[in-house]
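Scroll down for the structure; my scribbles are underneath it.
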Number of protein chains: 4
Amino acid sequence: MSVAVVVHAAGDLRLEPVPEQEPGPHDAVVAVEYGGICGSDLSYLRHGASGLSVLRDPLVLGHEVAGHIEALGEAVTGFEVGQRVAVHPATVCGHCRHCTQGQPNLCESVRYLGSAASRPHTQGAFSARTVVPADQLRAVPEGVSTRLAAVAEPLGVAIHAVQRAGDVRGRTVLVNGAGPIGALVVAAARRAGAARVIAADLAPASLGVARRMGAHETVDLAGGAPLPEADVVFEASGAPAAVSAVLRSVRRGGTVVQVGNLPAGDIAVSLGALVFREVDYRGTFRFVDEIATALAYLADGLDVGPLLTHEFAAEDAVEAFRVAGDRRTGSSKVLLRF
Amino acid sequence: MSVAVVVHAAGDLRLEPVPEQEPGPHDAVVAVEYGGICGSDLSYLRHGASGLSVLRDPLVLGHEVAGHIEALGEAVTGFEVGQRVAVHPATVCGHCRHCTQGQPNLCESVRYLGSAASRPHTQGAFSARTVVPADQLRAVPEGVSTRLAAVAEPLGVAIHAVQRAGDVRGRTVLVNGAGPIGALVVAAARRAGAARVIAADLAPASLGVARRMGAHETVDLAGGAPLPEADVVFEASGAPAAVSAVLRSVRRGGTVVQVGNLPAGDIAVSLGALVFREVDYRGTFRFVDEIATALAYLADGLDVGPLLTHEFAAEDAVEAFRVAGDRRTGSSKVLLRF
Amino acid sequence: MSVAVVVHAAGDLRLEPVPEQEPGPHDAVVAVEYGGICGSDLSYLRHGASGLSVLRDPLVLGHEVAGHIEALGEAVTGFEVGQRVAVHPATVCGHCRHCTQGQPNLCESVRYLGSAASRPHTQGAFSARTVVPADQLRAVPEGVSTRLAAVAEPLGVAIHAVQRAGDVRGRTVLVNGAGPIGALVVAAARRAGAARVIAADLAPASLGVARRMGAHETVDLAGGAPLPEADVVFEASGAPAAVSAVLRSVRRGGTVVQVGNLPAGDIAVSLGALVFREVDYRGTFRFVDEIATALAYLADGLDVGPLLTHEFAAEDAVEAFRVAGDRRTGSSKVLLRF
Amino acid sequence: MSVAVVVHAAGDLRLEPVPEQEPGPHDAVVAVEYGGICGSDLSYLRHGASGLSVLRDPLVLGHEVAGHIEALGEAVTGFEVGQRVAVHPATVCGHCRHCTQGQPNLCESVRYLGSAASRPHTQGAFSARTVVPADQLRAVPEGVSTRLAAVAEPLGVAIHAVQRAGDVRGRTVLVNGAGPIGALVVAAARRAGAARVIAADLAPASLGVARRMGAHETVDLAGGAPLPEADVVFEASGAPAAVSAVLRSVRRGGTVVQVGNLPAGDIAVSLGALVFREVDYRGTFRFVDEIATALAYLADGLDVGPLLTHEFAAEDAVEAFRVAGDRRTGSSKVLLRF
């Protein structure tokens with residue numbers, strides 16, 4: 001048995017033993033060392049749902065993990081026991097038009113760790129021991145700690161989001177919403193050559209993290225400051241009013257990338273500016289294989305340390321989730337240690 | 001004095017003499033022969049406003065016109081009196097970043113014929129005689145009638161809309177809303193190499209026009225047919241419910257181009273699919289210089305005849321506007337003849 | 001035994017029986033009806049080699065074929081015996097980065113019908129009966145004759161070449177070299193929305209075909225006419241002097257696509273203009289899956305009839321190859337009938 | 001009179017007084033403080049020509065300069081006397097299709113400081129005092145020394161070169177030729193998010209500079225090491241053999257950007273790989289306005305210090321040119337101090 005962080009229903013999070021999966025010939029057993037708590041993990045705990053995925057059975061949470069290989073199926077090559085790895089959380093079909101045309105993140109048969117999107121649910125990786133197909137392993141490079149490697153997944157999300165914006169070299173970039181993903185987008189946009197990166201948020205602590213992650217400037221929205229014009233906006237707050245605001249504040253002909261989920265169902269948004277300002281408004285969903293780029297950036301010195309505001313032992317998962325879900329704590333990315 | 005079609009207030013359209021402008025050295029006097037009635041013309045008459053532009057003084061309507069040159073300022077070269085021309089309706093500053101970076105359609109100082117966006121209003125071209133800077137003239141090629149050349153402007157809008165979609169070669173394209181612009185988008189999408197073009201509308205007459213303009217298939221939405229999946233969708237209805245619908249029906253990773261104005265202010269839209277389907281939702285506004293491409297296509301045999309369902313003498317402008325504004329008449333593009 | 005067109009060495013082409021392959025559970029047996037002779041087929045016969053691929057064993061030629069299904073392996077679904085099909089000639093690995101990133105045409109393990117690139121050679125399809133994996137079948141749409149469907153492969157090559165040029169809408173396009181591929185590029189460029197398509201060649205007969213395939217204008221290079229400036233040039237002659245010429249004649253900032261093979265080894269080219277005119281010079285190789293787009297275009301009325309200047313029974317293959325290889329005959333695409 | 005660095009003929013460089021130009025109402029007088037010696041400056045001295053531009057009259061060299069404003073024409077706004085500035089060396093027409101479509105670097109009427117491309121020659125800026133149109137001034141940001149600002153022009157060239165490569169995020173980049181421009185391309189590619197940047201050269205000193213400018217890895221070509229495969233190659237050596245080599249070493253479907261001039265006239269190059277490897281081979285010429293991005297990057301901490309291996313007083317220009325032209329000195333960018 002392996003001890004795992006399991007959500008049973010809204011508000012009901014438990015640390016409990018789960019049966020260990022038997023690895024197949026192409027699988028690997030990963031001894032998880034660190035796992036980051038994501039917004040979707042928090043949503044399952046708070047609402048019993050994340051986006052359109054509704055919890056129907058107990059679900060091991062977690063899809064941002066790194067650790068080392070404990071065992072390998074006999075058909076696996078290219079890895080060895082003991083090697084440090086981050087886990088790519090998606091299993092895709094490999095055959096649909098999305099998979100064959102370079103967009104496996106849009107595969108309609110995807111199974112993502114720690115997700116209730118299909119049933120039976122895809123159990124997650126907040127577990128002392130987790131079994132994954134070996135082609136989802138990503139070697140952690142020399143010089144990158146396993147702890148920082150747990151951030152490779154959300155950093156991959158941020159890198160993909162910046163990729164979705166097209167060329168940001170020399171551009172002024174606004175990141176609206178400076179939670180963990182927003183702060184990683186700040187770092188990814190700087191890596192991609194943005195000339196000026198501005199972060200906007202209501203919470204001073206989040207703006208502090210954004211600044212330490214590389215923002216040239218921050219805008220305190222609680223103080224009533226208006227959004228500055230930018231060539232490219234990453235809308236990472238998910239608030240309908242923010243969508244209306246950024247469609248008006250982005251420069252004409254500019255690009256808005258919507259990062260992270262919007263509320264399900266109808267929302268009231270002022271979309272008119274999309275047309276007469278000729279805006280590109282683009283969704284971004286997870287990542288293709290930017291988790292590899294994320295590990296390369298970490299190896300190359302991109303410092304995600306400022307993001308890691310809190311760390312808890314897995315036994316204290318309930319408290320960890322409380323801190324992660326309450327921005328008054330000043331938390332950004334909260335890690336579990338297994 | 002020249003006789004012009006002037007809107008004085010919502011519901012108050014008059015045919016009346018207007019003072020002739022004096023042409024400057026760089027201007028041309030155009031004897032207008034044909035003018036097409038656009039949705040914004042209709043909106044000024046119906047609501048006393050078009051989008052955010054509110055009528056505050058009498059306004060000569062019209063920006064889709066063709067005719068011949070009656071006189072030229074002494075500094076004009078490259079044109080001659082008597083030559084047939086279509087009119088590019090925009091005067092831009094030429095110096096702002098939009099103008100110098102290839103997006104003059106986004107110039108913030110633009111003046112567009114027949115627009116109340118600034119004050120004094122920019123008087124339009126539904127006038128027997130109209131004065132424009134000579135660099136807004138576009139020669140009508142041999143073999144294209146002046147009557148068809150009046151469609152160059154809205155065809156330019158359609159070509160720009162298709163350009164905004166990126167590469168449509170070999171793609172399945174859905175045009176939602178088969179009014180005049182939608183029908184021209186059908187033709188432009190075919191010219192751009194779409195493999196299959198589907199038009200959807202509530203009105204059978206509009207679907208008939210779309211089919212004659214090149215749609216491979218039509219979907220009668222009044223009959224309750226669902227929207228088919230498409231690689232690229234042109235949303236030309238402007239209805240919020242349609243926006244929600246096409247964001248769900250476009251294929252994952254696909255593109256939706258919003259053609260024509262959405263209602264001002266907040267609208268209720270289901271935007272969530274933008275993110276998890278990773279959709280590109282793009283506005284399109286007027287055109288850069290696709291009016292030249294439009295004339296080239298007309299010369300090359302693109303037939304916009306099916307669009308021209310009605311034609312009236314300028315004196316019958318009130319009736320012409322009634323017919324253009326009432327889809328039960330089966331009207332698509334309605335022409336005025338001067 | 002099936003009768004096939006086999007090249008044994010340079011100058012040695014034979015019509016002879018070849019053993020029939022046994023179809024596997026995922027294969028189909030195609031009764032070939034028509035096959036087009038390609039430049040690489042001619043090259044194997046003339047030089048015993050095509051590009052870097054040297055003939056070492058007898059090789060059944062042919063990769064541009066259409067016919068009907070004669071038998072299907074038991075695991076094949078989606079097709080039925082008797083159905084008319086064109087054949088996609090490439091078998092790819094499906095796993096390499098090129099295959100998974102949407103560029104299977106660059107797969108390093110590709111096997112292409114009728115090619116000596118690897119050994120044992122990949123036998124071709126100029127055979128009364130040929131066995132291919134069923135996922136290489138492409139259904140011929142209603143209304144497209146099997147004869148015209150034999151052109152789907154080279155038309156796919158042309159469509160891919162035009163795709164490589166980026167957006168050609170409204171552009172002036174020059175096609176230098178109006179052999180079969182050049183003429184198909186003319187048609188594909190028109191389909192993609194080019195405003196003006198000019199073909200240049202030394203042979204009047206080729207210019208005639210190009211005109212019938214849609215060229216607006218032709219330039220007779222034998223008469224000493226200079227190359228006109230164009231936004232996009234497709235260099236389909238493969239002559240080093242032509243490469244130098246088009247790099248100078250394309251407009252500054254324009255694009256040159258090199259279609260079809262250049263001579264192996266060093267060639268003398270004036271490349272300097274690439275830099276100070278900031279030209280994009282792009283190779284194009286076969287196609288991704290534009291053979292499907294080709295079939296859609298054929299169904300939609302694209303007429304490749306003018307290309308099909310000659311047709312021979314398979315028994316007269318030697319004569320067919322002689323005619324195809326001698327431009328003085330006025331030949332463009334030469335078909336074999338099985 | 002202002003003292004200037006003047007080339008009279010191949011091998012004849014003089015420091016001599018030149019008449020001061022009279023500034024017009026839209027001009028600025030710049031007191032030049034630092035100027036970088038470029039390859040074209042060296043070429044005029046060595047060959048009496050640079051590319052196709054042949055020296056016919058004495059020419060003040062220099063186009064990479066920074067200093068402060070000494071006087072302003074009465075019509076100039078937005079700048080003040082004493083302000084530190086870098087100089088954008090190009091005067092363009094502003095009206096041609098290149099200028100209006102965002103490619104002023106391709107303007108056919110351009111006049112570039114220190115160039116013999118037209119006659120009378122455009123005198124350069126290696127002069128204690130130089131007069132330029134005020135719209136060619138670029139303010140040097142706080143925190144950037146005037147000395148480093150002299151590198152803004154070649155850094156702009158490098159940023160434009162990287163922009164020409166398209167998206168380099170997460171890619172492996174090879175820079176072949178690690179002279180001053182190659183070393184700046186290394187820095188610009190890292191800024192643009194390349195995951196791995198490799199520099200190749202024959203000279204160990206150049207490889208050392210490249211490493212200090214950010215190369216992750218260097219390849220000593222003198223030692224016979226082969227070129228590694230890369231997604232994107234910047235060919236900055238200008239050697240025909242290198243062009244052949246990189247077309248073969250770039251990954252299939254990859255991009256080669258040719259930076260800096262190739263020899264005029266025919267050169268022997270193995271171009272065949274362009275086609276069957278489907279390579280994009282792109283020229284890059286000067287810059288659009290990436291000099292502004294260059295200054296932003298300098299302000300943001302991009303350190304070009306390692307490039308500045310030598311500095312001479314203007315009086316020692318002859319020696320400075322000797323050192324700059326002799327790579328055995330270990331020189332990279334050589335500065336003149338006025």
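Note on naming: chains are A, B, ... as they come in the structure tokens, residues start from 1 per chain, ligands start from 1 in the order shown.
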Chain A residues near chain B (6 Å cut-off, only C-alpha atoms) as JSON, numbers by chain: {"A": [262, 264, 265, 266, 267, 268, 269, 270, 272, 274, 275, 276, 278, 279, 280, 281, 282, 283, 284, 285]}
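The shell of residues at most 7 Å from Gln83 (chain A), with only C-alpha atoms counted and near chain neighbours (fewer than 3 positions) removed, consists of His68, Ile69 and Glu80 of chain A.
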From a DSSP pass on the backbone, collect the residues of region 227-262 of chain B flagged as strand (DSSP E) and hand them back as a PyMOL selection string. chain B and resi 230-235+250-259
Please provide as an MDAnalysis selection string all residues within 12 Å of Ala294 (chain C), with the sequence filter that same-chain residues fewer than 4 positions apart are discarded (counting only C-alpha atoms). (chainID B and resid 169:171 193:195) or (chainID C and resid 86 88 138:141 144 148:160 184:185 187:188 191 287:290 298:304)
DSSP helix (DSSP H, G or I) residues within region 9-233 of chain D, as number ranges by chain: D: 39-47, 97-100, 104-106, 134-136, 146-149, 152-164, 180-191, 204-212, 221-223
Within 10 Å of Ser332 (chain B), counting only C-alpha atoms, which residues qualify if same-chain residues fewer than 3 places away don't, as a list in words? Ile37, Ala178, Gly179, Pro180, Ile181, Ala183, Ala205, Ser206, Val209, Ala210, Pro306, Leu307, Leu308, Thr309, His310, Val323, Ala324, Gly325, Asp326, Arg327, Thr329 and Leu335 of chain B
Writer output for current selection, N, CA and C atoms, as a PDB file, in the first residue's frame:
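Done, and the output landed in out-v3.pdb:
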```
ATOM      1  N   ILE B  37     -25.555  49.417 -49.914  1.00  0.00           N
ATOM      2  CA  ILE B  37     -26.016  49.733 -48.559  1.00  0.00           C
ATOM      3  C   ILE B  37     -25.432  48.711 -47.593  1.00  0.00           C
ATOM      4  N   ALA B 178     -25.478  34.228 -43.108  1.00  0.00           N
ATOM      5  CA  ALA B 178     -25.238  34.325 -44.550  1.00  0.00           C
ATOM      6  C   ALA B 178     -25.843  35.586 -45.153  1.00  0.00           C
ATOM      7  N   GLY B 179     -25.760  36.683 -44.412  1.00  0.00           N
ATOM      8  CA  GLY B 179     -26.084  37.987 -44.976  1.00  0.00           C
ATOM      9  C   GLY B 179     -25.033  38.368 -46.004  1.00  0.00           C
ATOM     10  N   PRO B 180     -25.036  39.624 -46.461  1.00  0.00           N
ATOM     11  CA  PRO B 180     -24.097  40.000 -47.520  1.00  0.00           C
ATOM     12  C   PRO B 180     -22.638  39.714 -47.164  1.00  0.00           C
ATOM     13  N   ILE B 181     -22.223  40.066 -45.935  1.00  0.00           N
ATOM     14  CA  ILE B 181     -20.815  39.815 -45.586  1.00  0.00           C
ATOM     15  C   ILE B 181     -20.541  38.319 -45.487  1.00  0.00           C
ATOM     16  N   ALA B 183     -21.997  35.952 -47.089  1.00  0.00           N
ATOM     17  CA  ALA B 183     -21.959  35.374 -48.444  1.00  0.00           C
ATOM     18  C   ALA B 183     -20.643  35.712 -49.141  1.00  0.00           C
ATOM     19  N   ALA B 205     -33.598  32.258 -48.024  1.00  0.00           N
ATOM     20  CA  ALA B 205     -33.132  33.087 -49.137  1.00  0.00           C
ATOM     21  C   ALA B 205     -31.636  33.360 -48.998  1.00  0.00           C
ATOM     22  N   SER B 206     -31.198  33.625 -47.772  1.00  0.00           N
ATOM     23  CA  SER B 206     -29.769  33.874 -47.550  1.00  0.00           C
ATOM     24  C   SER B 206     -28.949  32.627 -47.862  1.00  0.00           C
ATOM     25  N   VAL B 209     -28.475  32.458 -51.564  1.00  0.00           N
ATOM     26  CA  VAL B 209     -27.405  33.351 -52.032  1.00  0.00           C
ATOM     27  C   VAL B 209     -26.039  32.736 -51.712  1.00  0.00           C
ATOM     28  N   ALA B 210     -25.903  32.216 -50.497  1.00  0.00           N
ATOM     29  CA  ALA B 210     -24.618  31.621 -50.094  1.00  0.00           C
ATOM     30  C   ALA B 210     -24.249  30.471 -51.020  1.00  0.00           C
ATOM     31  N   PRO B 306     -24.734  37.080 -57.701  1.00  0.00           N
ATOM     32  CA  PRO B 306     -25.841  36.545 -56.904  1.00  0.00           C
ATOM     33  C   PRO B 306     -26.148  37.372 -55.650  1.00  0.00           C
ATOM     34  N   LEU B 307     -25.155  38.161 -55.234  1.00  0.00           N
ATOM     35  CA  LEU B 307     -25.344  38.967 -54.023  1.00  0.00           C
ATOM     36  C   LEU B 307     -26.273  40.148 -54.288  1.00  0.00           C
ATOM     37  N   LEU B 308     -26.280  40.615 -55.526  1.00  0.00           N
ATOM     38  CA  LEU B 308     -26.950  41.881 -55.846  1.00  0.00           C
ATOM     39  C   LEU B 308     -28.428  41.623 -56.134  1.00  0.00           C
ATOM     40  N   THR B 309     -29.178  41.444 -55.089  1.00  0.00           N
ATOM     41  CA  THR B 309     -30.576  41.025 -55.251  1.00  0.00           C
ATOM     42  C   THR B 309     -31.488  42.188 -55.640  1.00  0.00           C
ATOM     43  N   HIS B 310     -31.119  43.435 -55.268  1.00  0.00           N
ATOM     44  CA  HIS B 310     -32.006  44.562 -55.518  1.00  0.00           C
ATOM     45  C   HIS B 310     -31.191  45.787 -55.913  1.00  0.00           C
ATOM     46  N   VAL B 323     -35.981  47.809 -47.904  1.00  0.00           N
ATOM     47  CA  VAL B 323     -35.779  46.459 -48.435  1.00  0.00           C
ATOM     48  C   VAL B 323     -34.487  45.850 -47.880  1.00  0.00           C
ATOM     49  N   ALA B 324     -33.432  46.653 -47.828  1.00  0.00           N
ATOM     50  CA  ALA B 324     -32.157  46.134 -47.334  1.00  0.00           C
ATOM     51  C   ALA B 324     -32.248  45.710 -45.878  1.00  0.00           C
ATOM     52  N   GLY B 325     -33.118  46.402 -45.135  1.00  0.00           N
ATOM     53  CA  GLY B 325     -33.204  46.135 -43.702  1.00  0.00           C
ATOM     54  C   GLY B 325     -34.201  45.050 -43.333  1.00  0.00           C
ATOM     55  N   ASP B 326     -34.895  44.534 -44.294  1.00  0.00           N
ATOM     56  CA  ASP B 326     -35.931  43.541 -44.001  1.00  0.00           C
ATOM     57  C   ASP B 326     -35.592  42.248 -44.726  1.00  0.00           C
ATOM     58  N   ARG B 327     -35.084  41.277 -43.972  1.00  0.00           N
ATOM     59  CA  ARG B 327     -34.620  40.063 -44.630  1.00  0.00           C
ATOM     60  C   ARG B 327     -35.764  39.249 -45.208  1.00  0.00           C
ATOM     61  N   THR B 329     -37.679  40.202 -47.305  1.00  0.00           N
ATOM     62  CA  THR B 329     -37.746  40.534 -48.730  1.00  0.00           C
ATOM     63  C   THR B 329     -36.819  39.660 -49.561  1.00  0.00           C
ATOM     64  N   LEU B 335     -28.281  47.803 -53.976  1.00  0.00           N
ATOM     65  CA  LEU B 335     -27.498  48.882 -54.593  1.00  0.00           C
ATOM     66  C   LEU B 335     -28.351  50.122 -54.822  1.00  0.00           C
TER      67      LEU B 335
END
```
Test item: residues at most 10 Å from Gly62 (chain C), only C-alpha atoms, excluding those fewer than 5 positions along its chain, as a count of residues only: 20
